[in-house]
Amino acid sequence: MFQLVQRASEGIKKGEGTTHAKAVNNVIKFLKRYECEVYRGWYESWSQKFVRENKWKKEPGHEYDIVARRIIADVPFGKQYFIEVDGEKHSNTEPKINDGMAEKWVTEELKQKIIRLPKVECLGLESDRTSYFEEQLCDLI
């Protein structure tokens, strides 16, 4: 049996798309210019207490697009920033709920900062991206 090419996009989509990957990579390239330690696709497991208190029924954790921290001499563990690149699907109800839980874990449980960047802003011209990133990521750089 063969699959028709014109129907290939109708199946279940898993993983990130190419534009999302490019947007995340653009953010990473920018952060590395400022000597930031960067982790891509960082998975955080949530505690059972957090899951139970929030009546969460799905996988107890989230894969964050980027976790970064500024490398500072004599400071072994600096403040971490969790960075999420949000695309079009993040305007739907289920991703909003998932994003809310992921953000709550970072801000309330880890006491760290989360930065949400619209994917469209991460894909523009390099000069536009740079000024946007400088503004949005100023606490980190």
# chains A, B, ... in the order shown; residues from 1 in each chain; ligands from 1

$ closest_atom_pairs --of "stretch 56-112 of chain A" --to "stretch 20-39 of chain A" --cutoff "8 Å" --atoms "only C-alpha atoms" --output "tab-separated table"
residue	atom	partner	partner_atom	distance
A:Asp65	CA	A:Val24	CA	7.0
A:Ile66	CA	A:Tyr39	CA	5.6
A:Val67	CA	A:Tyr39	CA	5.2
A:Ala68	CA	A:Val38	CA	4.4
A:Arg69	CA	A:Glu37	CA	5.4
A:Arg70	CA	A:Cys36	CA	4.5
A:Ile71	CA	A:Cys36	CA	5.6
A:Val85	CA	A:Val24	CA	6.6
A:Gly87	CA	A:His20	CA	7.1

$ select_by_dssp --residues "stretch 35-82 of chain A" --states "helix (DSSP H, G or I)" --output "PyMOL selection string"
chain A and resi 48-53

$ closest_residue --among "A:Glu126, A:Ile141, A:Tyr64, A:Lys119" --to "A:Ile83" --atoms "only C-alpha atoms"
A:Tyr64

$ closest_atom_pairs --of "stretch 13-86 of chain A" --to "stretch 102-116 of chain A" --cutoff "12 Å" --atoms "only C-alpha atoms" --output "CSV"
residue,atom,partner,partner_atom,distance
A:Val24,CA,A:Arg116,CA,11.5
A:Val27,CA,A:Arg116,CA,11.6
A:Tyr43,CA,A:Ala102,CA,10.6
A:Glu44,CA,A:Ala102,CA,8.9
A:Ser45,CA,A:Trp105,CA,9.5
A:Trp46,CA,A:Trp105,CA,7.2
A:Ser47,CA,A:Glu109,CA,9.2
A:Gln48,CA,A:Trp105,CA,11.9
A:Lys49,CA,A:Glu109,CA,10.7
A:Phe50,CA,A:Trp105,CA,7.9
A:Val51,CA,A:Trp105,CA,9.7
A:Glu53,CA,A:Trp105,CA,11.7
A:Asn54,CA,A:Lys104,CA,10.0
A:Trp56,CA,A:Ala102,CA,11.3
A:Glu59,CA,A:Ala102,CA,11.4
A:Pro60,CA,A:Ala102,CA,9.8
A:Gly61,CA,A:Ala102,CA,7.5
A:His62,CA,A:Ala102,CA,6.2
A:Glu63,CA,A:Ala102,CA,8.7
A:Tyr64,CA,A:Ala102,CA,8.2
A:Asp65,CA,A:Arg116,CA,10.0
A:Ile66,CA,A:Ile115,CA,9.7
A:Val67,CA,A:Ile114,CA,9.1
A:Ala68,CA,A:Ile114,CA,10.4
A:Arg69,CA,A:Lys113,CA,10.7
A:Gly78,CA,A:Gln112,CA,10.5
A:Lys79,CA,A:Gln112,CA,6.9
A:Gln80,CA,A:Gln112,CA,6.2
A:Tyr81,CA,A:Lys113,CA,5.2
A:Phe82,CA,A:Ile114,CA,4.6
A:Ile83,CA,A:Ile115,CA,4.8
A:Glu84,CA,A:Arg116,CA,4.9
A:Val85,CA,A:Arg116,CA,6.0
A:Asp86,CA,A:Arg116,CA,6.7

$ atom_distance --atom1 "atom CA of A:Leu117" --atom2 "atom CA of A:Arg52"
29.2 Å

$ residues_around --residues "A:Glu88" --least-positions-apart "5" --cutoff "12 Å" --atoms "only C-alpha atoms" --output "mmCIF file with N, CA and C atoms, in the first residue's frame"
data_model
loop_
_atom_site.group_PDB
_atom_site.id
_atom_site.type_symbol
_atom_site.label_atom_id
_atom_site.label_comp_id
_atom_site.auth_asym_id
_atom_site.auth_seq_id
_atom_site.Cartn_x
_atom_site.Cartn_y
_atom_site.Cartn_z
ATOM 1 N N GLY A 17 8.144 21.352 14.303
ATOM 2 C CA GLY A 17 8.245 21.623 12.880
ATOM 3 C C GLY A 17 9.557 22.319 12.548
ATOM 4 N N THR A 19 10.061 25.251 11.110
ATOM 5 C CA THR A 19 10.127 26.680 11.451
ATOM 6 C C THR A 19 10.324 26.874 12.953
ATOM 7 N N HIS A 20 9.732 26.002 13.760
ATOM 8 C CA HIS A 20 9.928 26.090 15.206
ATOM 9 C C HIS A 20 11.390 25.797 15.543
ATOM 10 N N THR A 93 -6.783 25.898 23.146
ATOM 11 C CA THR A 93 -7.039 25.706 24.571
ATOM 12 C C THR A 93 -6.078 24.724 25.224
ATOM 13 N N PRO A 95 -2.985 23.506 24.365
ATOM 14 C CA PRO A 95 -1.621 24.004 24.573
ATOM 15 C C PRO A 95 -1.538 25.134 25.596
ATOM 16 N N LYS A 96 -2.577 25.971 25.695
ATOM 17 C CA LYS A 96 -2.571 27.044 26.698
ATOM 18 C C LYS A 96 -2.564 26.464 28.113
ATOM 19 N N LEU A 117 8.554 33.687 23.879
ATOM 20 C CA LEU A 117 8.841 34.442 22.665
ATOM 21 C C LEU A 117 7.956 33.943 21.534
ATOM 22 N N PRO A 118 7.258 34.830 20.843
ATOM 23 C CA PRO A 118 6.468 34.400 19.686
ATOM 24 C C PRO A 118 7.403 33.924 18.568
ATOM 25 N N LYS A 119 7.064 32.784 17.987
ATOM 26 C CA LYS A 119 7.904 32.202 16.941
ATOM 27 C C LYS A 119 8.151 33.174 15.805
ATOM 28 N N VAL A 120 7.142 33.930 15.421
ATOM 29 C CA VAL A 120 7.269 34.861 14.294
ATOM 30 C C VAL A 120 8.376 35.890 14.549
#

$ select_by_dssp --residues "stretch 62-127 of chain A" --states "strand (DSSP E)" --output "list in words"
His62, Glu63, Tyr64, Asp65, Ile66, Val67, Ala68, Arg69, Arg70, Tyr81, Phe82, Ile83, Glu84, Val85, Asp86, Lys113, Ile114, Ile115, Arg116, Leu117 and Pro118 of chain A

$ write_last_selection --atoms "N, CA, C and O atoms" --output "compact mmCIF listing (two decimals), in the first residue's frame"
# COMPACT_ATOMS: atom_id res chain seq x y z
N HIS A 62 7.47 18.55 31.47
CA HIS A 62 7.40 19.34 30.24
C HIS A 62 8.80 19.47 29.66
O HIS A 62 9.78 19.59 30.40
N GLU A 63 8.88 19.46 28.33
CA GLU A 63 10.15 19.71 27.66
C GLU A 63 10.16 21.17 27.25
O GLU A 63 9.37 21.60 26.42
N TYR A 64 11.04 21.93 27.87
CA TYR A 64 11.16 23.35 27.60
C TYR A 64 12.10 23.54 26.41
O TYR A 64 13.09 22.81 26.27
N ASP A 65 11.79 24.51 25.56
CA ASP A 65 12.60 24.72 24.35
C ASP A 65 14.06 25.00 24.70
O ASP A 65 14.97 24.41 24.13
N ILE A 66 14.27 25.92 25.62
CA ILE A 66 15.63 26.33 25.99
C ILE A 66 15.69 26.62 27.48
O ILE A 66 14.77 27.23 28.04
N VAL A 67 16.77 26.19 28.10
CA VAL A 67 17.10 26.64 29.45
C VAL A 67 18.49 27.24 29.34
O VAL A 67 19.40 26.64 28.77
N ALA A 68 18.64 28.46 29.84
CA ALA A 68 19.92 29.16 29.69
C ALA A 68 20.27 29.88 30.98
O ALA A 68 19.40 30.21 31.79
N ARG A 69 21.57 30.09 31.13
CA ARG A 69 22.05 30.91 32.25
C ARG A 69 23.31 31.60 31.80
O ARG A 69 24.04 31.13 30.93
N ARG A 70 23.55 32.73 32.36
CA ARG A 70 24.75 33.51 32.05
C ARG A 70 25.92 32.90 32.80
O ARG A 70 25.81 32.61 33.99
N TYR A 81 17.03 30.65 33.18
CA TYR A 81 15.89 31.21 32.47
C TYR A 81 15.34 30.14 31.54
O TYR A 81 16.08 29.55 30.76
N PHE A 82 14.06 29.89 31.65
CA PHE A 82 13.39 28.93 30.79
C PHE A 82 12.76 29.72 29.66
O PHE A 82 12.01 30.67 29.91
N ILE A 83 13.09 29.35 28.43
CA ILE A 83 12.62 30.10 27.26
C ILE A 83 11.76 29.19 26.40
O ILE A 83 12.18 28.10 26.01
N GLU A 84 10.55 29.64 26.12
CA GLU A 84 9.62 28.91 25.27
C GLU A 84 9.34 29.73 24.02
O GLU A 84 9.08 30.94 24.11
N VAL A 85 9.44 29.10 22.87
CA VAL A 85 9.11 29.74 21.60
C VAL A 85 7.70 29.26 21.24
O VAL A 85 7.49 28.07 21.03
N ASP A 86 6.77 30.19 21.20
CA ASP A 86 5.36 29.86 20.98
C ASP A 86 4.96 30.08 19.53
O ASP A 86 5.14 31.17 19.00
N LYS A 113 12.72 32.20 36.21
CA LYS A 113 11.97 33.04 35.28
C LYS A 113 11.71 32.28 33.98
O LYS A 113 12.58 31.55 33.50
N ILE A 114 10.53 32.47 33.43
CA ILE A 114 10.20 31.90 32.12
C ILE A 114 9.95 33.06 31.16
O ILE A 114 9.31 34.05 31.51
N ILE A 115 10.49 32.92 29.97
CA ILE A 115 10.33 33.94 28.94
C ILE A 115 9.67 33.28 27.75
O ILE A 115 10.13 32.27 27.24
N ARG A 116 8.57 33.87 27.31
CA ARG A 116 7.83 33.34 26.16
C ARG A 116 8.10 34.27 24.98
O ARG A 116 7.89 35.47 25.07
N LEU A 117 8.55 33.69 23.88
CA LEU A 117 8.84 34.44 22.66
C LEU A 117 7.96 33.94 21.53
O LEU A 117 7.92 32.74 21.27
N PRO A 118 7.26 34.83 20.84
CA PRO A 118 6.47 34.40 19.69
C PRO A 118 7.40 33.92 18.57
O PRO A 118 8.41 34.57 18.27

$ atom_distance --atom1 "atom CA of A:Ile97" --atom2 "atom CA of A:Tyr132"
26.4 Å
